[in-house]
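K.L.:
Next comes the structure file coords.txt, holding compact mmCIF, C-alpha atoms and all ligand atoms.
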```
# COMPACT_ATOMS: atom_id res chain seq x y z
CA MET A 2 5.34 -3.15 -4.08
CA PRO A 3 5.62 -0.72 -6.97
CA LEU A 4 4.29 2.42 -5.20
CA ASN A 5 4.88 2.43 -1.51
CA ILE A 6 3.78 5.38 0.57
CA VAL A 7 5.81 5.53 3.73
CA ARG A 8 6.25 7.92 6.62
CA ASN A 9 9.94 8.30 7.26
CA ASP A 10 13.00 10.49 7.04
CA ILE A 11 14.12 10.13 3.42
CA THR A 12 17.79 10.17 4.41
CA LYS A 13 17.24 6.83 6.16
CA ILE A 14 15.75 4.99 3.19
CA HIS A 15 17.89 2.38 1.47
CA CYS A 16 17.25 2.40 -2.24
CA ASP A 17 19.02 3.01 -5.55
CA ALA A 18 18.13 6.69 -5.84
CA VAL A 19 16.79 9.35 -3.52
CA VAL A 20 15.20 12.41 -5.07
CA ASN A 21 16.00 15.79 -3.57
CA ALA A 22 13.66 18.81 -3.59
CA ALA A 23 16.39 21.24 -4.61
CA ASN A 24 16.61 24.88 -5.77
CA ASN A 25 17.69 26.23 -9.20
CA GLY A 26 21.25 26.84 -8.06
CA LEU A 27 21.57 23.34 -6.51
CA VAL A 28 23.31 25.09 -3.63
CA GLY A 29 21.58 23.28 -0.79
CA GLY A 30 19.00 24.81 1.51
CA GLY A 31 16.63 23.89 4.31
CA GLY A 32 13.95 21.18 4.49
CA VAL A 33 14.64 17.91 2.77
CA ASP A 34 17.45 19.51 0.73
CA GLY A 35 19.30 20.45 3.93
CA ALA A 36 18.75 17.00 5.43
CA ILE A 37 20.12 15.28 2.30
CA HIS A 38 23.16 17.56 2.08
CA ARG A 39 23.96 16.98 5.76
CA ALA A 40 23.59 13.21 5.41
CA ALA A 41 25.60 12.96 2.17
CA GLY A 42 28.47 15.18 3.37
CA ASN A 43 30.60 17.91 1.77
CA GLU A 44 31.37 15.92 -1.34
CA LEU A 45 27.75 16.39 -2.41
CA ASP A 46 28.14 20.18 -2.30
CA LYS A 47 31.17 19.93 -4.59
CA ALA A 48 29.40 17.58 -7.01
CA CYS A 49 26.38 19.90 -7.16
CA GLN A 50 28.57 22.92 -8.00
CA LYS A 51 29.80 21.11 -11.10
CA LEU A 52 26.25 20.58 -12.40
CA GLY A 53 25.68 24.28 -13.18
CA GLY A 54 22.21 24.55 -11.67
CA CYS A 55 18.95 22.98 -12.78
CA PRO A 56 15.83 24.53 -14.40
CA THR A 57 12.48 24.13 -12.66
CA GLY A 58 10.79 20.85 -13.64
CA GLN A 59 14.08 19.21 -14.68
CA ALA A 60 16.33 16.69 -12.88
CA LYS A 61 20.07 16.07 -12.55
CA ALA A 62 21.95 13.31 -10.72
CA THR A 63 24.97 13.03 -8.47
CA LYS A 64 26.37 10.07 -6.60
CA GLY A 65 24.85 9.29 -3.19
CA PHE A 66 28.10 9.79 -1.25
CA ARG A 67 27.38 9.04 2.43
CA MET A 68 23.66 8.51 1.88
CA PRO A 69 22.43 4.88 1.74
CA CYS A 70 21.68 5.19 -2.00
CA ARG A 71 23.70 5.01 -5.21
CA TYR A 72 22.38 8.29 -6.64
CA ILE A 73 20.78 11.50 -5.53
CA ILE A 74 18.50 12.96 -8.18
CA HIS A 75 18.08 16.70 -7.76
CA THR A 76 14.88 18.14 -9.11
CA VAL A 77 13.49 21.65 -8.72
CA GLY A 78 9.80 22.03 -8.00
CA PRO A 79 7.78 25.16 -8.80
CA VAL A 80 7.15 27.82 -6.20
CA TRP A 81 3.38 27.99 -5.63
CA GLN A 82 2.00 31.26 -6.96
CA GLY A 83 -1.70 30.50 -6.82
CA GLY A 84 -1.85 27.77 -9.47
CA ASN A 85 -2.01 29.79 -12.69
CA ALA A 86 1.68 30.00 -13.40
CA GLY A 87 2.05 26.48 -14.80
CA GLU A 88 2.74 24.94 -11.38
CA PRO A 89 0.87 21.63 -11.94
CA ALA A 90 2.70 20.90 -15.23
CA LEU A 91 6.06 21.82 -13.71
CA LEU A 92 5.50 19.66 -10.65
CA ALA A 93 4.38 16.71 -12.80
CA SER A 94 7.51 17.22 -14.89
CA CYS A 95 9.69 16.94 -11.75
CA TYR A 96 8.37 13.44 -11.07
CA ARG A 97 8.49 12.38 -14.73
CA GLU A 98 12.02 13.66 -15.37
CA SER A 99 13.35 12.20 -12.11
CA LEU A 100 11.85 8.81 -12.91
CA ARG A 101 13.20 8.87 -16.49
CA LEU A 102 16.64 9.71 -15.17
CA ALA A 103 16.39 6.93 -12.57
CA ALA A 104 15.46 4.46 -15.33
CA ARG A 105 18.44 5.61 -17.43
CA LEU A 106 20.66 5.04 -14.39
CA LYS A 107 19.18 1.52 -14.11
CA CYS A 108 17.70 2.16 -10.69
CA GLU A 109 15.24 -0.41 -9.44
CA SER A 110 14.09 1.59 -6.43
CA VAL A 111 13.59 5.33 -6.00
CA ALA A 112 12.42 7.42 -3.04
CA PHE A 113 10.69 10.79 -3.50
CA PRO A 114 9.87 13.45 -0.95
CA MET A 115 6.78 15.56 -1.54
CA ILE A 116 8.37 18.02 -3.93
CA SER A 117 7.32 21.68 -3.54
CA ALA A 118 5.05 20.79 -0.61
CA GLY A 119 7.21 22.57 1.99
CA ALA A 120 9.05 25.88 1.56
CA TYR A 121 7.71 26.25 -1.99
CA GLY A 122 4.17 26.28 -0.64
CA TYR A 123 2.37 23.89 -3.02
CA PRO A 124 -0.97 22.83 -1.44
CA LYS A 125 -0.26 19.41 0.02
CA GLU A 126 -3.37 17.63 -1.20
CA GLU A 127 -2.83 18.73 -4.80
CA ALA A 128 0.89 18.01 -4.61
CA LEU A 129 0.13 14.50 -3.43
CA GLN A 130 -2.36 13.91 -6.24
CA ILE A 131 0.17 14.95 -8.87
CA ALA A 132 2.87 12.78 -7.29
CA VAL A 133 0.65 9.69 -7.22
CA ASN A 134 -0.65 10.27 -10.78
CA GLU A 135 2.77 10.72 -12.31
CA ILE A 136 4.33 7.80 -10.46
CA THR A 137 1.50 5.41 -11.29
CA GLN A 138 1.54 6.46 -14.96
CA PHE A 139 5.25 5.77 -15.09
CA LEU A 140 4.88 2.41 -13.37
CA LEU A 141 2.44 1.25 -16.04
CA HIS A 142 5.42 0.96 -18.37
CA HIS A 143 8.37 0.36 -16.05
CA ASP A 144 9.34 -2.17 -13.39
CA MET A 145 10.51 -0.10 -10.47
CA THR A 146 9.73 0.24 -6.78
CA VAL A 147 8.92 3.82 -5.88
CA TYR A 148 8.67 5.14 -2.34
CA LEU A 149 6.74 8.33 -1.79
CA VAL A 150 8.07 9.52 1.53
CA VAL A 151 5.72 11.57 3.63
CA TYR A 152 7.41 13.35 6.47
CA ASP A 153 4.54 15.15 8.12
CA ARG A 154 1.19 13.48 8.60
CA GLU A 155 -0.68 16.62 7.53
CA CYS A 156 0.77 16.12 4.06
CA PHE A 157 -1.22 13.00 3.71
CA GLN A 158 -4.74 13.97 4.58
CA ALA A 159 -6.05 12.69 1.22
CA SER A 160 -9.39 14.41 0.73
CA ARG A 161 -10.81 15.69 3.97
CA LYS A 162 -14.35 14.86 2.84
CA LEU A 163 -13.35 11.27 2.01
CA ILE A 164 -11.59 10.86 5.35
CA SER A 165 -14.62 12.11 7.22
CA ASP A 166 -16.95 9.79 5.25
CA VAL A 167 -14.73 6.83 6.09
CA LYS A 168 -14.58 7.90 9.74
CA GLU A 169 -18.36 7.93 9.83
CA TYR A 170 -18.48 4.45 8.31
CA ILE A 171 -15.95 3.17 10.85
CA ASP A 172 -17.96 4.71 13.67
CA GLU A 173 -21.08 2.94 12.48
CA HIS A 174 -19.55 -0.43 11.73
CA TYR A 175 -16.58 -0.75 14.01
CA VAL A 176 -16.93 1.27 17.19
CA ASN A 177 -20.64 0.63 17.72
CA GLU A 178 -20.32 -3.04 17.10
CA HIS A 179 -17.55 -3.28 19.70
CA PHE A 180 -19.54 -1.24 22.14
CA VAL A 181 -22.61 -3.44 21.68
CA ALA A 182 -20.56 -6.61 21.89
CA ARG A 183 -18.98 -5.55 25.17
CA ASN A 184 -22.27 -4.57 26.71
CA THR A 185 -24.49 -7.42 25.63
CA SER A 186 -22.15 -10.28 26.38
CA ALA A 187 -24.07 -13.19 27.87
CA PHE A 188 -21.23 -13.79 30.33
CA PRO A 189 -19.88 -10.33 31.02
CA THR A 190 -17.82 -11.23 34.05
CA LEU A 191 -16.77 -14.80 33.29
CA ARG A 192 -13.23 -15.68 32.30
CA SER A 193 -12.88 -18.02 29.31
CA GLU A 194 -12.12 -21.07 31.46
CA GLU A 195 -15.42 -20.55 33.27
CA MET A 196 -17.50 -20.38 30.13
CA PRO A 197 -19.40 -23.46 29.07
CA GLY A 198 -18.08 -25.08 25.92
CA LEU A 199 -14.90 -23.01 25.73
CA GLY A 200 -12.44 -25.74 26.68
CA MET A 201 -9.96 -25.34 29.56
CA SER A 202 -11.74 -28.08 31.54
CA SER A 203 -9.97 -30.43 33.94
CA VAL A 204 -9.49 -33.06 31.20
CA PRO A 205 -5.71 -33.63 30.73
CA ALA A 206 -4.33 -31.85 27.71
CA GLY A 207 -3.73 -34.96 25.60
CA LYS A 208 -7.23 -36.28 26.03
CA ALA A 209 -8.78 -32.87 25.46
CA ALA A 210 -6.85 -32.47 22.26
CA ARG A 211 -7.93 -35.87 20.97
CA LYS A 212 -11.51 -35.18 21.90
CA SER A 213 -11.65 -31.87 20.06
CA THR A 214 -9.59 -32.78 17.01
CA PRO A 215 -11.51 -34.83 14.47
CA MET A 216 -8.38 -35.22 12.30
CA MET A 217 -6.91 -37.51 14.98
CA GLN A 218 -9.66 -40.08 14.54
CA GLU A 219 -10.32 -42.43 11.66
CA VAL A 220 -11.54 -39.74 9.35
CA THR A 221 -14.51 -40.30 7.15
CA ALA A 222 -16.87 -37.43 6.39
CA ASP A 223 -20.67 -37.66 6.55
CA ASP A 224 -20.82 -38.69 2.92
CA GLY A 225 -18.39 -41.52 3.61
CA MET A 226 -15.41 -39.98 1.79
CA SER A 227 -11.98 -40.72 3.18
CA LEU A 228 -9.53 -37.92 3.96
CA ASP A 229 -7.46 -38.90 0.93
CA GLU A 230 -10.51 -38.67 -1.30
CA MET A 231 -11.43 -35.28 0.13
CA LEU A 232 -7.91 -33.97 -0.40
CA CYS A 233 -8.09 -35.13 -4.00
CA CYS A 234 -11.02 -32.89 -4.80
CA LEU A 235 -10.11 -29.59 -3.17
CA ASP A 236 -11.96 -26.50 -4.30
CA GLU A 237 -10.51 -24.00 -6.73
CA SER A 238 -7.50 -22.32 -5.09
CA PHE A 239 -6.87 -18.59 -4.70
CA SER A 240 -4.42 -18.62 -7.58
CA GLN A 241 -6.84 -20.44 -9.87
CA MET A 242 -9.68 -18.12 -8.93
CA LEU A 243 -7.53 -15.05 -9.54
CA LEU A 244 -6.51 -16.20 -13.03
CA ARG A 245 -10.09 -17.13 -13.88
CA LYS A 246 -11.37 -13.71 -12.75
CA ILE A 247 -8.68 -11.93 -14.77
CA ASP A 248 -9.87 -13.79 -17.88
CA GLU A 249 -13.53 -13.17 -17.10
CA LYS A 250 -12.88 -9.44 -16.74
CA GLY A 251 -11.02 -9.42 -20.07
CA MET A 252 -7.87 -8.03 -18.45
CA SER A 253 -4.28 -8.93 -19.20
CA ASP A 254 -2.17 -10.20 -16.29
CA ALA A 255 -0.08 -7.03 -16.41
CA GLN A 256 -3.13 -4.77 -16.35
CA CYS A 257 -4.35 -6.58 -13.30
CA TYR A 258 -1.18 -6.68 -11.22
CA LYS A 259 -0.32 -3.09 -12.07
CA LYS A 260 -3.79 -1.91 -11.10
CA ALA A 261 -3.39 -3.94 -7.90
CA ASN A 262 -0.05 -2.23 -7.17
CA ILE A 263 1.52 -5.69 -7.05
CA ASP A 264 5.05 -6.45 -8.06
CA ARG A 265 5.47 -8.49 -11.28
CA LYS A 266 7.68 -11.04 -9.50
CA LEU A 267 5.05 -11.65 -6.83
CA PHE A 268 2.41 -12.09 -9.52
CA SER A 269 4.61 -14.66 -11.30
CA LYS A 270 4.93 -16.63 -8.06
CA ILE A 271 1.17 -16.65 -7.62
CA ARG A 272 0.66 -17.64 -11.26
CA SER A 273 3.10 -20.53 -11.12
CA ASN A 274 1.99 -22.00 -7.79
CA ILE A 275 -1.67 -22.92 -7.56
CA HIS A 276 -1.30 -23.38 -3.80
CA TYR A 277 0.30 -19.99 -3.23
CA LYS A 278 -0.74 -18.47 0.12
CA PRO A 279 -1.04 -14.71 -0.33
CA SER A 280 -1.29 -12.15 2.46
CA LYS A 281 -4.64 -10.51 3.12
CA PRO A 282 -3.57 -7.11 1.70
CA THR A 283 -2.48 -8.90 -1.48
CA VAL A 284 -5.84 -10.65 -1.89
CA LEU A 285 -7.67 -7.38 -1.30
CA ALA A 286 -5.44 -5.56 -3.76
CA PHE A 287 -6.47 -8.03 -6.46
CA ALA A 288 -10.13 -7.78 -5.45
CA ILE A 289 -9.88 -4.01 -5.90
CA ALA A 290 -8.04 -4.32 -9.22
CA LEU A 291 -10.72 -6.70 -10.49
CA GLU A 292 -13.46 -4.44 -9.11
CA LEU A 293 -15.12 -7.35 -7.33
CA SER A 294 -18.36 -6.91 -5.43
CA LEU A 295 -18.33 -7.39 -1.67
CA ASP A 296 -19.58 -10.98 -1.97
CA GLU A 297 -17.01 -11.83 -4.64
CA THR A 298 -14.32 -10.25 -2.46
CA LYS A 299 -15.38 -12.39 0.48
CA ASP A 300 -15.20 -15.50 -1.76
CA MET A 301 -11.72 -14.58 -2.90
CA LEU A 302 -10.58 -13.94 0.67
CA MET A 303 -11.99 -17.29 1.73
CA LYS A 304 -9.89 -19.03 -0.93
CA ALA A 305 -6.84 -17.73 0.89
CA GLY A 306 -8.20 -18.51 4.34
CA PHE A 307 -9.28 -14.97 5.29
CA ALA A 308 -12.49 -13.12 6.05
CA LEU A 309 -13.61 -9.51 6.37
CA SER A 310 -14.28 -8.64 9.96
CA HIS A 311 -15.97 -5.68 11.58
CA SER A 312 -13.55 -6.12 14.48
CA ASN A 313 -10.77 -4.90 12.26
CA LYS A 314 -10.42 -1.26 11.19
CA PHE A 315 -8.43 -2.20 8.08
CA ASP A 316 -11.26 -4.49 6.94
CA VAL A 317 -13.96 -1.90 7.61
CA ILE A 318 -12.10 0.72 5.57
CA VAL A 319 -11.64 -1.59 2.58
CA GLU A 320 -15.25 -2.66 2.87
CA TYR A 321 -16.33 0.99 2.74
CA PHE A 322 -14.60 1.46 -0.62
CA ILE A 323 -15.93 -1.76 -2.12
CA LYS A 324 -19.48 -1.03 -1.00
CA ASN A 325 -19.23 2.42 -2.56
CA GLY A 326 -17.76 1.08 -5.81
CA ARG A 327 -14.55 3.10 -5.39
CA TYR A 328 -11.74 0.96 -6.77
CA ASP A 329 -8.78 3.33 -6.91
CA ILE A 330 -6.12 1.52 -4.91
CA PHE A 331 -4.12 4.68 -4.28
CA GLU A 332 -7.11 6.50 -2.93
CA ILE A 333 -7.75 3.54 -0.61
CA ASN A 334 -4.11 3.46 0.43
CA GLU A 335 -4.15 7.18 1.22
CA VAL A 336 -7.04 6.59 3.57
CA LEU A 337 -5.51 3.46 5.09
CA PHE A 338 -2.34 5.45 5.67
CA SER A 339 -4.30 8.22 7.37
CA PHE A 340 -5.74 5.65 9.76
CA ASP A 341 -2.32 4.07 10.42
CA GLN A 342 -3.25 0.80 8.71
CA VAL A 343 -1.15 -1.37 6.43
CA MET A 344 -1.70 -0.60 2.77
CA LEU A 345 -2.96 -2.76 -0.06
CA GLY A 346 -0.66 -4.44 -2.48
CA ALA A 347 2.12 -5.29 -0.06
N1 LIG B 1 12.47 13.35 4.73
C1 LIG B 1 11.35 13.35 3.99
N2 LIG B 1 10.62 14.46 3.76
C2 LIG B 1 11.06 15.62 4.32
C3 LIG B 1 12.23 15.70 5.10
C4 LIG B 1 12.94 14.49 5.30
N3 LIG B 1 14.06 14.46 6.02
N4 LIG B 1 12.39 17.00 5.49
C5 LIG B 1 11.36 17.68 4.99
N5 LIG B 1 10.55 16.87 4.29
C6 LIG B 1 9.30 17.15 3.56
C7 LIG B 1 8.57 18.41 3.97
O1 LIG B 1 7.75 18.12 5.11
C8 LIG B 1 7.73 18.70 2.75
O2 LIG B 1 6.51 17.95 2.77
O3 LIG B 1 9.63 17.40 2.20
C9 LIG B 1 8.58 18.16 1.61
C10 LIG B 1 9.22 19.24 0.74
O4 LIG B 1 9.57 20.33 1.54
P1 LIG B 1 10.87 21.20 1.28
O5 LIG B 1 12.09 20.48 1.69
O6 LIG B 1 10.67 22.53 1.91
O7 LIG B 1 10.95 21.31 -0.34
P2 LIG B 1 10.19 22.31 -1.34
O8 LIG B 1 8.85 22.72 -0.87
O9 LIG B 1 10.29 21.66 -2.68
O10 LIG B 1 11.09 23.61 -1.32
C11 LIG B 1 12.36 23.57 -1.90
O11 LIG B 1 13.44 24.53 0.01
O12 LIG B 1 15.18 23.69 1.22
C12 LIG B 1 14.85 24.49 0.20
O13 LIG B 1 16.75 24.40 -1.24
C13 LIG B 1 15.40 24.04 -1.13
O14 LIG B 1 14.91 26.17 -2.03
C14 LIG B 1 14.52 24.82 -2.02
C15 LIG B 1 13.18 24.73 -1.35
```
In structure tokens, how does this file's structure come out?
Ligand code: APR
P.N.:
Amino acid sequence: MPLNIVRNDITKIHCDAVVNAANNGLVGGGGVDGAIHRAAGNELDKACQKLGGCPTGQAKATKGFRMPCRYIIHTVGPVWQGGNAGEPALLASCYRESLRLAARLKCESVAFPMISAGAYGYPKEEALQIAVNEITQFLLHHDMTVYLVVYDRECFQASRKLISDVKEYIDEHYVNEHFVARNTSAFPTLRSEEMPGLGMSSVPAGKAARKSTPMMQEVTADDGMSLDEMLCCLDESFSQMLLRKIDEKGMSDAQCYKKANIDRKLFSKIRSNIHYKPSKPTVLAFAIALELSLDETKDMLMKAGFALSHSNKFDVIVEYFIKNGRYDIFEINEVLFSFDQVMLGA
């Protein structure tokens, strides 16, 4: 997945380059800088001394030494001074310059911490927005997997208003529905084997299976078609539907998979195999990229054998965004992340 937001210790991430939130002297410090220097070992200190410091907004690389990465890219974020001292441009430059350097070093995967969002005091919400904007802009023109590593949950509270709107929607559509379901069950105290029509009778397993499995009989459908005939005229597949929708929306393939935060290689697999079975987050990522309505999204999910369910928090959250016509996949992922759900595009 091109942009992957993960909660982890950045020193544990295996990738080509890890970005360090350093200081102008590149002399090591606390926070993520301290953690990286400890994990990489003394050789990193020596390599940094040779670099002669680094201006704010720029980036310089060393080897990874004992870290599980080939390179460490040291960038220096701005110290927050209230927002009128060029902080946004300098922070954006940190991400841009680090990514350019990673591309020059032929890195295919890069992990960033939230630069400036700790000791340098940059407001976390705004720092996150700049990080996501710069990384997604870069990924429009480069094939790379980028991890944005969020250490503390507080860092990732997207927009508080958005989170509270989604919470309200979940409360209405998820919690209540479960509450009602539990309390209005027709058989509140029965176990499944006691419920009429739910199987588990005293019929031996083999017989029960034959009884309940129409495929085991001579199969002819109501309209007299044989199984072979039915299999010959399957409906449009997920892959076919996706390609048709891309054309109908006047998008290029690349525009679509990039907007869906889907890896080019995965898209090629889907394109070349009409029977490709995608995961549910992948289908939903495409539905978001194509800005499908809720009904169209349900159709697309059905093609891949899925449905949207109000018993599932992930589904309710995605439904909230589709119903409200909000199709920014990174905004959705920020909210999914806040609710501990898997993200779209995986
Ligand atoms: N993995 C991932 N993220 C981490 C880790 C870690 N091991 N440790 C800290 N963080 C997070 C912090 O929670 C914060 O959100 O990294 C973000 C950046 O915080 P800082 O490390 O304080 O970086 P920054 O705000 O850019 O300040 C840089 O601090 O350590 C010094 O030498 C450094 O002077 C420089 C300044």
K.L.:
Please list as a ChimeraX atom specification every residue within 10 Å of A:Pro279, counting all atoms listed in the file and excluding residues in the same chain fewer than 3 positions away.
P.N.:
/A:239-240,267,270-271,276,282-285,302,304-307,347
K.L.:
Which residue, A:Glu292, A:Asp144, A:Glu249, A:Glu88, has the smallest gap to A:Glu127 when you use all atoms listed in the file?
P.N.:
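Checking each candidate against A:Glu127, we get A:Glu88 as the closest.
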K.L.:
Using all atoms listed in the file, which residues of chain A come within 6 Å of ligand LIG 1 (chain B), and what is the closest atom pair for each, with the distance in Å to one decimal? Give it as CSV, sorted by chain and residue number.
P.N.:
```
residue,atom,partner,partner_atom,distance
A:Asp10,CA,B:LIG1,N1,3.7
A:Ile11,CA,B:LIG1,N1,3.8
A:Thr12,CA,B:LIG1,N3,5.9
A:Ala22,CA,B:LIG1,O9,4.5
A:Ala23,CA,B:LIG1,C13,4.6
A:Asn24,CA,B:LIG1,C14,4.3
A:Gly29,CA,B:LIG1,O13,5.0
A:Gly30,CA,B:LIG1,O13,3.6
A:Gly31,CA,B:LIG1,O12,3.4
A:Gly32,CA,B:LIG1,O5,3.4
A:Val33,CA,B:LIG1,N4,3.6
A:Asp34,CA,B:LIG1,O12,4.8
A:Gly35,CA,B:LIG1,O12,5.9
A:Ala36,CA,B:LIG1,N3,5.4
A:Gly78,CA,B:LIG1,O9,5.4
A:Pro114,CA,B:LIG1,N2,4.9
A:Met115,CA,B:LIG1,C9,4.5
A:Ile116,CA,B:LIG1,O9,4.3
A:Ser117,CA,B:LIG1,O9,3.1
A:Ala118,CA,B:LIG1,O8,4.3
A:Gly119,CA,B:LIG1,O4,3.3
A:Ala120,CA,B:LIG1,O6,3.7
A:Tyr121,CA,B:LIG1,O8,3.9
A:Gly122,CA,B:LIG1,O8,5.9
A:Val150,CA,B:LIG1,C1,5.6
A:Val151,CA,B:LIG1,N2,5.7
A:Tyr152,CA,B:LIG1,N2,4.3
A:Asp153,CA,B:LIG1,O1,5.3
```
K.L.:
So which one's closest to A:Asn5, A:Met145, A:Leu293, A:Leu102, A:Ile318? Using all atoms listed in the file, please.
P.N.:
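Of A:Met145, A:Leu293, A:Leu102, A:Ile318, the one nearest A:Asn5 is A:Met145, counting all atoms listed in the file.
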K.L.:
Between A:Val317, A:Leu228, A:Leu141, A:Ile323, which residue has the minimum interatomic distance to A:Lys168, considering all atoms listed in the file?
P.N.:
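With all atoms listed in the file as the atom set, the closest residue is A:Val317.
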K.L.:
How far is it from atom CA of A:Ala261 to atom CA of A:Leu345, in Å with one decimal?
P.N.:
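Computed distance, atom CA of A:Ala261 to atom CA of A:Leu345, equals 7.9 Å.
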K.L.:
Distance atom CA of A:Ala103-atom CA of A:Lys260, one decimal place?
P.N.:
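If I compute the distance from atom CA of A:Ala103 to atom CA of A:Lys260, I get 22.1 Å.
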K.L.:
Could you please determine the separation between atom CA of A:Ile73 and atom CA of A:Leu45 in Å, to one decimal place?
P.N.:
9.1 Å
K.L.:
Mind listing whatever residues come within 12 Å of the point (30.8, 17.9, -8.6)? Use only C-alpha atoms, file coordinates, and give them as a PyMOL selection string.
P.N.:
chain A and resi 27-28+43-54+61-66
K.L.:
Write the selection just made, keeping C-alpha atoms, as a PDB file, keeping the file's coordinate frame?
P.N.:
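The new file result21.pdb reads:
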```pdb
ATOM      1  CA  LEU A  27      21.570  23.340  -6.510  1.00  0.00           C
ATOM      2  CA  VAL A  28      23.310  25.090  -3.630  1.00  0.00           C
ATOM      3  CA  ASN A  43      30.600  17.910   1.770  1.00  0.00           C
ATOM      4  CA  GLU A  44      31.370  15.920  -1.340  1.00  0.00           C
ATOM      5  CA  LEU A  45      27.750  16.390  -2.410  1.00  0.00           C
ATOM      6  CA  ASP A  46      28.140  20.180  -2.300  1.00  0.00           C
ATOM      7  CA  LYS A  47      31.170  19.930  -4.590  1.00  0.00           C
ATOM      8  CA  ALA A  48      29.400  17.580  -7.010  1.00  0.00           C
ATOM      9  CA  CYS A  49      26.380  19.900  -7.160  1.00  0.00           C
ATOM     10  CA  GLN A  50      28.570  22.920  -8.000  1.00  0.00           C
ATOM     11  CA  LYS A  51      29.800  21.110 -11.100  1.00  0.00           C
ATOM     12  CA  LEU A  52      26.250  20.580 -12.400  1.00  0.00           C
ATOM     13  CA  GLY A  53      25.680  24.280 -13.180  1.00  0.00           C
ATOM     14  CA  GLY A  54      22.210  24.550 -11.670  1.00  0.00           C
ATOM     15  CA  LYS A  61      20.070  16.070 -12.550  1.00  0.00           C
ATOM     16  CA  ALA A  62      21.950  13.310 -10.720  1.00  0.00           C
ATOM     17  CA  THR A  63      24.970  13.030  -8.470  1.00  0.00           C
ATOM     18  CA  LYS A  64      26.370  10.070  -6.600  1.00  0.00           C
ATOM     19  CA  GLY A  65      24.850   9.290  -3.190  1.00  0.00           C
ATOM     20  CA  PHE A  66      28.100   9.790  -1.250  1.00  0.00           C
TER      21      PHE A  66
END
```
K.L.:
Nearest residue to A:Gly346 out of A:Asp17, A:Asp248, A:Asp264, A:Glu173, using all atoms listed in the file?
P.N.:
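Ranking A:Asp17, A:Asp248, A:Asp264, A:Glu173 by distance to A:Gly346, first place goes to A:Asp264.
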